[in-house]
Structures are given as C-alpha cells and as structure tokens.
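Student: Input structure: data35.pdb, which contains PDB, C-alpha atoms.
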```pdb
ATOM      1  CA  MET A 144      -6.765  32.165   5.201
ATOM      2  CA  ARG A 145      -3.775  31.212   3.058
ATOM      3  CA  LYS A 146      -4.127  31.771  -0.667
ATOM      4  CA  LEU A 147      -3.086  29.711  -3.653
ATOM      5  CA  GLU A 148      -2.069  31.700  -6.698
ATOM      6  CA  ASN A 149      -1.324  30.540 -10.236
ATOM      7  CA  ILE A 150       1.083  31.603 -12.946
ATOM      8  CA  PRO A 151      -1.170  32.293 -15.940
ATOM      9  CA  PHE A 152      -0.207  30.665 -19.245
ATOM     10  CA  GLU A 153       1.098  33.875 -20.828
ATOM     11  CA  GLN A 154       3.501  34.453 -17.928
ATOM     12  CA  LEU A 155       5.023  30.957 -17.923
ATOM     13  CA  THR A 156       8.604  30.733 -19.117
ATOM     14  CA  ILE A 157      10.911  27.894 -20.050
ATOM     15  CA  GLY A 158      13.101  27.197 -17.034
ATOM     16  CA  ALA A 159      10.553  28.365 -14.429
ATOM     17  CA  GLN A 160      10.931  26.223 -11.305
ATOM     18  CA  ALA A 161       9.103  25.342  -8.100
ATOM     19  CA  SER A 162       9.686  22.820  -5.344
ATOM     20  CA  LEU A 163       7.853  21.171  -2.482
ATOM     21  CA  THR A 164       9.357  19.236   0.426
ATOM     22  CA  ARG A 165       7.679  16.719   2.711
ATOM     23  CA  THR A 166       8.705  14.084   5.248
ATOM     24  CA  LEU A 167       6.902  10.727   5.163
ATOM     25  CA  THR A 168       5.182   9.883   8.431
ATOM     26  CA  GLU A 169       3.752   6.660   9.788
ATOM     27  CA  GLU A 170       0.290   8.225   9.446
ATOM     28  CA  ASP A 171       0.884   9.055   5.756
ATOM     29  CA  LEU A 172       1.635   5.389   5.043
ATOM     30  CA  LEU A 173      -1.534   4.210   6.765
ATOM     31  CA  LEU A 174      -3.707   6.907   5.198
ATOM     32  CA  PHE A 175      -2.418   6.159   1.722
ATOM     33  CA  ALA A 176      -3.177   2.460   2.191
ATOM     34  CA  LYS A 177      -6.683   3.393   3.323
ATOM     35  CA  VAL A 178      -7.446   5.821   0.517
ATOM     36  CA  SER A 179      -5.978   3.636  -2.249
ATOM     37  CA  GLY A 180      -7.125   0.312  -0.789
ATOM     38  CA  ASP A 181      -3.589  -1.025  -1.252
ATOM     39  CA  THR A 182      -3.117  -3.474   1.613
ATOM     40  CA  ASN A 183       0.154  -4.948   0.355
ATOM     41  CA  PRO A 184       2.165  -5.654   3.558
ATOM     42  CA  VAL A 185       5.415  -4.324   2.022
ATOM     43  CA  HIS A 186       3.985  -0.896   2.878
ATOM     44  CA  LEU A 187       2.499  -1.708   6.262
ATOM     45  CA  ASP A 188       3.835  -4.782   8.028
ATOM     46  CA  GLU A 189       7.362  -4.196   9.324
ATOM     47  CA  THR A 190       7.938  -7.886  10.089
ATOM     48  CA  PHE A 191       7.035  -8.930   6.556
ATOM     49  CA  ALA A 192       8.670  -5.929   4.883
ATOM     50  CA  SER A 193      11.973  -6.568   6.671
ATOM     51  CA  THR A 194      12.229  -9.886   4.792
ATOM     52  CA  THR A 195      12.045  -8.167   1.379
ATOM     53  CA  GLN A 196      14.850  -6.617  -0.655
ATOM     54  CA  PHE A 197      13.773  -3.237   0.767
ATOM     55  CA  ALA A 198      14.600  -4.355   4.356
ATOM     56  CA  GLY A 199      11.598  -2.496   5.788
ATOM     57  CA  ARG A 200       8.338  -0.803   4.901
ATOM     58  CA  ILE A 201       8.305   1.484   1.868
ATOM     59  CA  ALA A 202       5.904   4.204   0.759
ATOM     60  CA  HIS A 203       3.415   3.519  -1.995
ATOM     61  CA  GLY A 204       5.055   4.975  -5.136
ATOM     62  CA  MET A 205       1.824   6.831  -5.841
ATOM     63  CA  TRP A 206       2.147   8.691  -2.540
ATOM     64  CA  THR A 207       5.338  10.242  -3.861
ATOM     65  CA  ALA A 208       3.539  10.877  -7.156
ATOM     66  CA  SER A 209       0.716  12.592  -5.252
ATOM     67  CA  LEU A 210       3.258  15.150  -4.038
ATOM     68  CA  ILE A 211       4.103  15.928  -7.677
ATOM     69  CA  SER A 212       0.419  16.470  -8.342
ATOM     70  CA  CYS A 213       0.184  18.705  -5.268
ATOM     71  CA  ALA A 214       3.146  20.805  -6.412
ATOM     72  CA  LEU A 215       1.631  21.260  -9.883
ATOM     73  CA  ALA A 216      -1.818  22.140  -8.477
ATOM     74  CA  THR A 217      -0.663  24.542  -5.814
ATOM     75  CA  LYS A 218       2.604  26.062  -7.142
ATOM     76  CA  LEU A 219       3.507  25.676 -10.827
ATOM     77  CA  PRO A 220       1.329  26.399 -12.745
ATOM     78  CA  GLY A 221      -1.042  26.429  -9.715
ATOM     79  CA  PRO A 222      -4.834  26.608  -9.381
ATOM     80  CA  GLY A 223      -7.056  26.702 -12.433
ATOM     81  CA  GLY A 224      -4.749  24.465 -14.443
ATOM     82  CA  ILE A 225      -5.741  21.110 -15.880
ATOM     83  CA  TYR A 226      -3.586  18.035 -15.309
ATOM     84  CA  LEU A 227      -3.396  16.207 -18.634
ATOM     85  CA  GLY A 228      -0.792  13.537 -18.091
ATOM     86  CA  GLN A 229       2.103  12.223 -16.084
ATOM     87  CA  GLU A 230       4.979   9.838 -16.709
ATOM     88  CA  LEU A 231       6.632   8.245 -13.677
ATOM     89  CA  LYS A 232       9.697   6.082 -13.184
ATOM     90  CA  PHE A 233      10.070   4.729  -9.667
ATOM     91  CA  MET A 234      13.832   4.674  -9.044
ATOM     92  CA  ARG A 235      14.314   4.145  -5.297
ATOM     93  CA  PRO A 236      12.145   3.399  -2.247
ATOM     94  CA  VAL A 237      10.962   6.062   0.218
ATOM     95  CA  LYS A 238      10.720   5.108   3.904
ATOM     96  CA  VAL A 239       9.129   6.598   7.022
ATOM     97  CA  GLY A 240      11.240   9.565   8.081
ATOM     98  CA  ASP A 241      12.624  10.220   4.602
ATOM     99  CA  THR A 242      12.329  13.807   3.407
ATOM    100  CA  VAL A 243      11.589  14.130  -0.289
ATOM    101  CA  THR A 244      11.605  17.212  -2.493
ATOM    102  CA  VAL A 245       9.582  17.536  -5.681
ATOM    103  CA  GLU A 246      11.466  19.643  -8.213
ATOM    104  CA  LEU A 247       9.418  21.086 -11.070
ATOM    105  CA  GLU A 248      10.810  22.823 -14.140
ATOM    106  CA  ILE A 249       8.997  23.997 -17.257
ATOM    107  CA  ILE A 250      10.802  22.571 -20.283
ATOM    108  CA  GLU A 251       8.356  23.150 -23.121
ATOM    109  CA  ILE A 252       5.528  25.551 -23.850
ATOM    110  CA  ASN A 253       3.093  24.914 -26.697
ATOM    111  CA  GLN A 254       1.615  28.316 -27.579
ATOM    112  CA  ARG A 255      -0.948  26.943 -29.994
ATOM    113  CA  ARG A 256      -2.402  24.308 -27.677
ATOM    114  CA  LYS A 257      -1.820  26.357 -24.486
ATOM    115  CA  ARG A 258      -0.015  23.476 -22.832
ATOM    116  CA  ALA A 259       3.231  23.093 -20.941
ATOM    117  CA  THR A 260       5.556  20.181 -20.261
ATOM    118  CA  VAL A 261       7.059  20.080 -16.784
ATOM    119  CA  VAL A 262       9.962  17.940 -15.575
ATOM    120  CA  THR A 263       8.834  16.401 -12.274
ATOM    121  CA  ASN A 264      11.677  14.786 -10.376
ATOM    122  CA  VAL A 265      11.652  13.810  -6.714
ATOM    123  CA  ILE A 266      14.887  13.742  -4.709
ATOM    124  CA  ASN A 267      15.468  12.334  -1.202
ATOM    125  CA  GLN A 268      17.471  13.807   1.690
ATOM    126  CA  HIS A 269      20.616  12.126   0.367
ATOM    127  CA  GLY A 270      20.294  13.858  -3.005
ATOM    128  CA  LYS A 271      19.233  10.631  -4.737
ATOM    129  CA  THR A 272      16.397  10.592  -7.274
ATOM    130  CA  VAL A 273      13.442   8.529  -6.064
ATOM    131  CA  VAL A 274      11.007   9.342  -8.897
ATOM    132  CA  LYS A 275      11.792  10.671 -12.371
ATOM    133  CA  GLY A 276       9.155  11.896 -14.739
ATOM    134  CA  GLN A 277       7.347  14.618 -16.549
ATOM    135  CA  ALA A 278       3.875  16.085 -16.619
ATOM    136  CA  GLU A 279       1.706  17.744 -19.232
ATOM    137  CA  VAL A 280      -0.559  20.532 -17.999
ATOM    138  CA  MET A 281      -2.923  23.125 -19.432
ATOM    139  CA  PRO A 282      -2.385  26.192 -17.215
ATOM    140  CA  ALA A 283      -5.226  28.667 -16.697
ATOM    141  CA  THR A 284      -5.043  31.645 -19.043
ATOM    142  CA  ASP A 285      -6.409  34.004 -16.363
ATOM    143  CA  LYS A 286      -4.940  34.953 -13.002
ATOM    144  CA  VAL A 287      -6.466  32.697 -10.324
ATOM    145  CA  ILE A 288      -6.207  33.409  -6.595
ATOM    146  CA  VAL A 289      -8.154  31.076  -4.326
ATOM    147  CA  ASP A 290      -8.414  30.295  -0.624
ATOM    148  CA  GLU A 291      -6.452  27.203   0.283
ATOM    149  CA  TYR A 292      -8.993  24.685   1.509
ATOM    150  CA  PRO A 293      -8.461  23.823   5.192
ATOM    151  CA  LEU A 294      -7.537  20.170   5.712
ATOM    152  CA  PRO A 295      -9.404  18.081   8.262
ATOM    153  CA  GLU A 296      -7.741  16.516  11.277
ATOM    154  CA  VAL A 297      -7.480  12.777  10.924
ATOM    155  CA  LEU A 298      -7.671  10.239  13.732
ATOM    156  CA  LEU A 299      -6.604   6.692  12.997
ATOM    157  CA  LYS A 300      -7.977   3.760  14.935
ATOM    158  CA  PRO A 301      -6.204   0.411  14.400
ATOM    159  CA  ALA A 302      -8.324  -2.240  12.699
ATOM    160  CA  SER A 303     -10.069  -4.402  15.284
TER     161      SER A 303
ATOM    162  CA  MET B1485      -7.343 -13.106   7.531
ATOM    163  CA  ARG B1486      -7.649 -12.503   3.790
ATOM    164  CA  LYS B1487      -4.661 -13.374   1.664
ATOM    165  CA  LEU B1488      -3.019 -11.668  -1.271
ATOM    166  CA  GLU B1489      -1.511 -13.974  -3.846
ATOM    167  CA  ASN B1490       0.693 -13.174  -6.824
ATOM    168  CA  ILE B1491       1.077 -14.578 -10.302
ATOM    169  CA  PRO B1492       4.785 -15.442 -10.531
ATOM    170  CA  PHE B1493       6.680 -14.196 -13.580
ATOM    171  CA  GLU B1494       6.864 -17.597 -15.290
ATOM    172  CA  GLN B1495       3.074 -17.988 -15.116
ATOM    173  CA  LEU B1496       2.212 -14.579 -16.576
ATOM    174  CA  THR B1497       0.745 -14.636 -20.064
ATOM    175  CA  ILE B1498       0.044 -11.980 -22.667
ATOM    176  CA  GLY B1499      -3.648 -11.109 -22.400
ATOM    177  CA  ALA B1500      -3.961 -11.930 -18.669
ATOM    178  CA  GLN B1501      -6.437  -9.521 -17.094
ATOM    179  CA  ALA B1502      -7.588  -8.253 -13.699
ATOM    180  CA  SER B1503      -9.925  -5.503 -12.567
ATOM    181  CA  LEU B1504     -10.755  -3.521  -9.451
ATOM    182  CA  THR B1505     -13.866  -1.389  -8.850
ATOM    183  CA  ARG B1506     -14.351   1.397  -6.334
ATOM    184  CA  THR B1507     -16.812   4.214  -5.696
ATOM    185  CA  LEU B1508     -15.410   7.625  -4.723
ATOM    186  CA  THR B1509     -16.674   8.841  -1.361
ATOM    187  CA  GLU B1510     -16.603  12.247   0.292
ATOM    188  CA  GLU B1511     -14.128  10.795   2.803
ATOM    189  CA  ASP B1512     -11.795   9.600   0.015
ATOM    190  CA  LEU B1513     -11.591  13.147  -1.369
ATOM    191  CA  LEU B1514     -10.726  14.617   2.022
ATOM    192  CA  LEU B1515      -8.241  11.884   2.873
ATOM    193  CA  PHE B1516      -6.465  12.244  -0.444
ATOM    194  CA  ALA B1517      -6.150  15.996   0.082
ATOM    195  CA  LYS B1518      -4.710  15.321   3.533
ATOM    196  CA  VAL B1519      -2.206  12.673   2.484
ATOM    197  CA  SER B1520      -1.018  14.531  -0.637
ATOM    198  CA  GLY B1521      -1.225  18.023   0.863
ATOM    199  CA  ASP B1522      -3.169  19.169  -2.217
ATOM    200  CA  THR B1523      -5.514  21.842  -0.895
ATOM    201  CA  ASN B1524      -6.686  23.053  -4.314
ATOM    202  CA  PRO B1525     -10.374  23.976  -3.794
ATOM    203  CA  VAL B1526     -11.440  22.372  -7.086
ATOM    204  CA  HIS B1527     -11.276  19.094  -5.134
ATOM    205  CA  LEU B1528     -12.783  20.281  -1.867
ATOM    206  CA  ASP B1529     -14.857  23.459  -1.997
ATOM    207  CA  GLU B1530     -18.189  22.838  -3.730
ATOM    208  CA  THR B1531     -18.988  26.560  -4.006
ATOM    209  CA  PHE B1532     -15.708  27.296  -5.759
ATOM    210  CA  ALA B1533     -15.669  24.095  -7.801
ATOM    211  CA  SER B1534     -19.161  24.754  -9.146
ATOM    212  CA  THR B1535     -17.788  27.867 -10.888
ATOM    213  CA  THR B1536     -15.193  25.840 -12.837
ATOM    214  CA  GLN B1537     -15.607  23.990 -16.114
ATOM    215  CA  PHE B1538     -16.090  20.813 -14.059
ATOM    216  CA  ALA B1539     -19.264  22.211 -12.430
ATOM    217  CA  GLY B1540     -18.429  20.643  -9.066
ATOM    218  CA  ARG B1541     -15.673  19.011  -7.049
ATOM    219  CA  ILE B1542     -13.488  16.448  -8.792
ATOM    220  CA  ALA B1543     -11.183  13.750  -7.478
ATOM    221  CA  HIS B1544      -7.449  14.268  -7.513
ATOM    222  CA  GLY B1545      -6.257  12.464 -10.647
ATOM    223  CA  MET B1546      -3.655  10.690  -8.530
ATOM    224  CA  TRP B1547      -6.419   9.125  -6.411
ATOM    225  CA  THR B1548      -7.605   7.328  -9.522
ATOM    226  CA  ALA B1549      -3.987   6.466 -10.294
ATOM    227  CA  SER B1550      -3.605   5.062  -6.765
ATOM    228  CA  LEU B1551      -6.301   2.513  -7.614
ATOM    229  CA  ILE B1552      -4.181   1.363 -10.569
ATOM    230  CA  SER B1553      -1.258   0.910  -8.207
ATOM    231  CA  CYS B1554      -3.500  -1.009  -5.792
ATOM    232  CA  ALA B1555      -4.706  -3.330  -8.568
ATOM    233  CA  LEU B1556      -1.126  -4.046  -9.676
ATOM    234  CA  ALA B1557       0.077  -4.636  -6.099
ATOM    235  CA  THR B1558      -2.790  -6.833  -4.974
ATOM    236  CA  LYS B1559      -4.016  -8.605  -8.149
ATOM    237  CA  LEU B1560      -1.854  -8.601 -11.287
ATOM    238  CA  PRO B1561       0.991  -9.407 -10.860
ATOM    239  CA  GLY B1562       0.292  -9.044  -7.095
ATOM    240  CA  PRO B1563       2.554  -9.037  -4.018
ATOM    241  CA  GLY B1564       6.294  -9.314  -4.364
ATOM    242  CA  GLY B1565       6.363  -7.386  -7.617
ATOM    243  CA  ILE B1566       8.242  -4.142  -8.131
ATOM    244  CA  TYR B1567       6.526  -1.126  -9.649
ATOM    245  CA  LEU B1568       8.963   0.367 -12.157
ATOM    246  CA  GLY B1569       6.946   2.959 -14.001
ATOM    247  CA  GLN B1570       3.566   4.341 -14.975
ATOM    248  CA  GLU B1571       2.233   6.522 -17.761
ATOM    249  CA  LEU B1572      -1.053   8.324 -17.146
ATOM    250  CA  LYS B1573      -3.360  10.390 -19.319
ATOM    251  CA  PHE B1574      -6.174  12.061 -17.409
ATOM    252  CA  MET B1575      -9.135  12.011 -19.809
ATOM    253  CA  ARG B1576     -12.242  12.862 -17.765
ATOM    254  CA  PRO B1577     -13.049  13.983 -14.205
ATOM    255  CA  VAL B1578     -14.217  11.623 -11.444
ATOM    256  CA  LYS B1579     -16.770  12.932  -8.921
ATOM    257  CA  VAL B1580     -18.093  11.808  -5.541
ATOM    258  CA  GLY B1581     -20.439   8.865  -6.130
ATOM    259  CA  ASP B1582     -18.769   7.825  -9.405
ATOM    260  CA  THR B1583     -17.824   4.170  -9.632
ATOM    261  CA  VAL B1584     -14.585   3.522 -11.469
ATOM    262  CA  THR B1585     -13.083   0.255 -12.641
ATOM    263  CA  VAL B1586      -9.371  -0.280 -13.196
ATOM    264  CA  GLU B1587      -8.829  -2.694 -16.074
ATOM    265  CA  LEU B1588      -5.394  -4.311 -16.288
ATOM    266  CA  GLU B1589      -4.100  -6.388 -19.188
ATOM    267  CA  ILE B1590      -0.619  -7.777 -19.777
ATOM    268  CA  ILE B1591       0.508  -6.714 -23.261
ATOM    269  CA  GLU B1592       4.211  -7.450 -23.240
ATOM    270  CA  ILE B1593       6.538  -9.790 -21.373
ATOM    271  CA  ASN B1594      10.301  -9.326 -21.496
ATOM    272  CA  GLN B1595      11.791 -12.717 -20.650
ATOM    273  CA  ARG B1596      15.350 -11.484 -20.453
ATOM    274  CA  ARG B1597      14.688  -8.579 -18.097
ATOM    275  CA  LYS B1598      11.849 -10.350 -16.225
ATOM    276  CA  ARG B1599       9.543  -7.391 -16.755
ATOM    277  CA  ALA B1600       5.990  -6.989 -17.977
ATOM    278  CA  THR B1601       4.068  -4.118 -19.550
ATOM    279  CA  VAL B1602       0.475  -3.754 -18.384
ATOM    280  CA  VAL B1603      -2.263  -1.635 -19.959
ATOM    281  CA  THR B1604      -3.903   0.253 -17.085
ATOM    282  CA  ASN B1605      -7.147   1.916 -18.121
ATOM    283  CA  VAL B1606      -9.825   3.233 -15.781
ATOM    284  CA  ILE B1607     -13.468   3.356 -16.880
ATOM    285  CA  ASN B1608     -16.404   5.061 -15.145
ATOM    286  CA  GLN B1609     -19.952   3.782 -14.592
ATOM    287  CA  HIS B1610     -20.979   5.212 -17.991
ATOM    288  CA  GLY B1611     -18.322   3.162 -19.787
ATOM    289  CA  LYS B1612     -16.193   6.254 -20.463
ATOM    290  CA  THR B1613     -12.417   6.188 -20.010
ATOM    291  CA  VAL B1614     -11.268   8.479 -17.193
ATOM    292  CA  VAL B1615      -7.572   7.504 -17.163
ATOM    293  CA  LYS B1616      -5.551   5.810 -19.904
ATOM    294  CA  GLY B1617      -2.102   4.480 -19.370
ATOM    295  CA  GLN B1618       0.333   1.683 -18.960
ATOM    296  CA  ALA B1619       2.634   0.362 -16.282
ATOM    297  CA  GLU B1620       5.957  -1.431 -16.227
ATOM    298  CA  VAL B1621       6.419  -4.002 -13.464
ATOM    299  CA  MET B1622       8.947  -6.616 -12.379
ATOM    300  CA  PRO B1623       6.805  -9.468 -11.036
ATOM    301  CA  ALA B1624       8.193 -11.753  -8.337
ATOM    302  CA  THR B1625       9.701 -14.934  -9.733
ATOM    303  CA  ASP B1626       8.491 -16.989  -6.727
ATOM    304  CA  LYS B1627       4.978 -17.675  -5.526
ATOM    305  CA  VAL B1628       4.080 -15.103  -2.848
ATOM    306  CA  ILE B1629       1.094 -15.478  -0.525
ATOM    307  CA  VAL B1630       0.794 -12.863   2.212
ATOM    308  CA  ASP B1631      -1.770 -11.736   4.761
ATOM    309  CA  GLU B1632      -3.609  -8.652   3.592
ATOM    310  CA  TYR B1633      -2.730  -5.926   6.069
ATOM    311  CA  PRO B1634      -5.806  -4.748   8.007
ATOM    312  CA  LEU B1635      -6.648  -1.097   7.307
ATOM    313  CA  PRO B1636      -7.235   1.297  10.194
ATOM    314  CA  GLU B1637     -10.523   3.042  10.776
ATOM    315  CA  VAL B1638     -10.276   6.735  10.006
ATOM    316  CA  LEU B1639     -12.146   9.519  11.745
ATOM    317  CA  LEU B1640     -12.152  12.955  10.133
ATOM    318  CA  LYS B1641     -12.573  16.105  12.163
ATOM    319  CA  PRO B1642     -13.191  19.308  10.179
ATOM    320  CA  ALA B1643     -10.399  21.879  10.391
ATOM    321  CA  SER B1644     -11.088  24.327  13.175
TER     322      SER B1644
END
```
Could you write out this structure as structure tokens?

Tutor:
Amino acid sequence: MRKLENIPFEQLTIGAQASLTRTLTEEDLLLFAKVSGDTNPVHLDETFASTTQFAGRIAHGMWTASLISCALATKLPGPGGIYLGQELKFMRPVKVGDTVTVELEIIEINQRRKRATVVTNVINQHGKTVVKGQAEVMPATDKVIVDEYPLPEVLLKPAS
Amino acid sequence: MRKLENIPFEQLTIGAQASLTRTLTEEDLLLFAKVSGDTNPVHLDETFASTTQFAGRIAHGMWTASLISCALATKLPGPGGIYLGQELKFMRPVKVGDTVTVELEIIEINQRRKRATVVTNVINQHGKTVVKGQAEVMPATDKVIVDEYPLPEVLLKPAS
C-alpha cells in the first residue's frame, strides 16, 4: 500500500516546494457537480455553456481549489497537518482536457504559533495561472507516515 | 425541469441574503476524496482518524467550501455570475451526519467595477461556525434563467 509522509514542523524551511498535476476529465466535472450540488449549466451543459463568454463548459473553481487542498494534505506539509485557511483568486477557466499543476511554496514560518504560510498557485498546460492564492497550515510536529486510503471506483449513471 | 434564476447586478442590494443547507453523507466523503485525489486517511479511515485530535473522520474543508460556491452559483447572485475570489478560514471540523448551512450576505457593491463582496459563513447544526469567509463575485448584468442541469446517479464500488 502506498504511504503518505509528512514534513514535520521543525524540518520545514522557507522556500520548500511541492507540486501536483492533474488533467480534468468529463467524470471529474460531473462528480464535482454531484458532490457540491452545483447544477449551474455553465459547468455541465455544453449547448448552454457555448453561449457564454467561456465558449464551453468550465470546471467549478472549487475543483481546482480541491487540488490545492490535496497537495497540502498529501505532500507539503502532508498528513497530520491542520488546514487553517485559504485565499483564492480565480484568474482563468479550466476546461475538460486541461492539465493543471498546483505549485506550493513555503513563504513564512511562525515558530511561536507553529504555523506556516504557503503560496498555492495553479498553472495550466500553457503556463498561465488559473488560480492564485495562499494557505495557512499548522503542520504536525511529529513525523507521520500513513497508508494512503484506497479510492473507490465510481460509476456514473445519467439522470433519468 | 427546475430553473435557476439570478439576481442581476442592478437589483442587488447591501444586506441581501441567501442560504443553503446540506447534510454530509458517507458517499459525499468518498466522492470528494475521489474527485480531489485527497487520500489522507483522516477523511476516510475511521480507525486511523479516531486516533487524531478530531476523534473520527472529518470532511475535506474544501467540500464545505464547495457548498459556498454552489450557493453563490445557484442562489446569490446566481447563474451568469463570475466567481472572482474566496477567502476561507476553517474553524471547526464537519463529520458524517452533520448538517451545515451556508449563509450568504452582500456587504459591499462596487458600482464602477460591477462587483459585489459577499460574506460566506457556514454554520453547523449546533449553531457553531465551521467556515468563515468572504467571496468576490461579478454578477451578470442581465436576467438569467436557466434549466438546472440534472445530476447523474453515482454508484461507488470499494477499491479492490
């Protein structure tokens, strides 16, 4: 089983980086609508979405943000940390087939409060920023190594 | 088919409110892990999660944030708007069976830039704040009425 491993607070350094890359699928769009309840057709209905300024369906901005959260929870600082806050600026749309990369970098460490500030930008396959932001986290002080939880298979059945 | 309807920019007023309530299910937790890729066992493995300070599995903070996004996209200001930014502070955990309510309130309207600032707090069934924050949106200037996109049924099959 694959393991997730953290960087304990004392080992974090300013400038430490991590990244995570993912390509948006059709299924991701539908699943995110389901799990958030967001039925806005700009995300789901190609005919409608093609009439908007985006000229086609776009991802829910919070899907892209969920990748930031995933990168923080699994890579930097990793498991055992506590997610305190996040600022997000949605700069450009993400579409099915786009490949986005979350880029994390530690920019501030508060020794007294045991917290860190992380720049959390997301870049698309053309090198353009789609989300800008930063997170505040409280990394675990101990070393944490855990089994990565196996994800279920998902079958989607169109609404009847 | 149910419709989604916006409040056009010119009709927005300071103090306008909307809310959205949802109860976290087991399936929501698994789906959010799948769609975000966040396999951290604090969200998924009861045995592991019971050893943490949370004493059990907790929702991904971004799931709760996705409900904020849903409320903005479907209720206030509703379809046709553009989501520009979001600030989030994660205050308390959300667990399976918890019922959370997103409370939106317009606190600022920028006539020149056609933007609005919305307080976006999320409260649990005990009246405690689980997420505090605010959003910046660019509401549509026209009236928009769209069909709500029908959500698929989802079947989950445990990882083999």

Student: Which is closest to chain B among A:Glu248, A:Asp241, A:Glu291, A:Glu279, if we use only C-alpha atoms?

Tutor: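 Distance minimum relative to chain B lands on A:Glu291.
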
Student: The PyMOL selection byres ((chain A and resi 294) around 6) on the file shown: which residues, as a list in words?

Tutor: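 Evaluating the PyMOL selection byres ((chain A and resi 294) around 6) on this file yields Pro293 and Pro295 of chain A; Ala1643 of chain B.
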
Student: Using all atoms listed in the file, I'd like every residue of chain B that has an atom within 7 Å of chain A; please write them out as number ranges by chain.

Tutor: B: 1512, 1515-1516, 1518-1525, 1528-1529, 1546-1547, 1550-1551, 1554, 1557-1558, 1563, 1567-1574, 1632-1643

Student: With 6 Å added on each side, what axis-aligned box encloses every listed atom of segment 1584-1601 of chain B? Give the centre and edge lengths in Å to one decimal, as JSON.

Tutor:
```
{"center_x": 0.4, "center_y": -4.6, "center_z": -17.4, "size_x": 41.9, "size_y": 28.2, "size_z": 23.8}
```

Student: Please evaluate the PyMOL selection byres ((chain B and resi 1609) around 10) against the displayed coordinates and give the resulting residues as JSON, numbers by chain.

Tutor: {"B": [1505, 1507, 1581, 1582, 1583, 1584, 1585, 1607, 1608, 1610, 1611, 1612, 1613]}

Student: What does the distance between atom CA of Leu1588 of chain B and atom CA of Gln1501 of chain B come to in Å, to one decimal place?

Tutor: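 These atoms are spaced 5.4 Å apart.
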
Student: List the residues selected by the PyMOL selection byres ((chain B and resi 1489) around 6) in the file shown, writing them as a PyMOL selection string.

Tutor: chain B and resi 1488+1490+1628-1629

Student: May I ask for the distance between atom CA of Glu1592 of chain B and atom CA of Pro1561 of chain B, given in Å to one decimal place?

Tutor: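 Answer for the atom CA of Glu1592 of chain B to atom CA of Pro1561 of chain B separation: 12.9 Å.
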
Student: Extract, using all atoms listed in the file, all DNA, RNA and protein residues at most 6 Å from Gly1565 of chain B, discarding same-chain residues fewer than 2 positions from it, and format them as a PyMOL selection string.

Tutor: chain B and resi 1563+1622-1624

Student: Provide the atom CA of Glu153 of chain A to atom CA of Glu1530 of chain B distance in Å, to one decimal place.

Tutor: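 These two atoms are separated by 28.0 Å.
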
Student: Need to verify the contact set: Ile1498 of chain B, 7 Å, all atoms listed in the file, exclusion of same-chain residues closer than 3 positions in sequence. Can you return it as an mmCIF file with C-alpha atoms, in the frame of the given file?

Tutor:
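Writing done, so here's out.cif:
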```
data_model
loop_
_atom_site.group_PDB
_atom_site.id
_atom_site.type_symbol
_atom_site.label_atom_id
_atom_site.label_comp_id
_atom_site.auth_asym_id
_atom_site.auth_seq_id
_atom_site.Cartn_x
_atom_site.Cartn_y
_atom_site.Cartn_z
ATOM 1 C CA ILE B 1590 -0.619 -7.777 -19.777
ATOM 2 C CA ILE B 1591 0.508 -6.714 -23.261
ATOM 3 C CA GLU B 1592 4.211 -7.450 -23.240
ATOM 4 C CA ILE B 1593 6.538 -9.790 -21.373
#
```

Student: Between B:Met1485, B:Leu1496, B:Ala1539, B:Ala1502, single out the one closest to Thr1625 of chain B, counting all atoms listed in the file.

Tutor: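 For Thr1625 of chain B, the nearest of the candidates is B:Leu1496.
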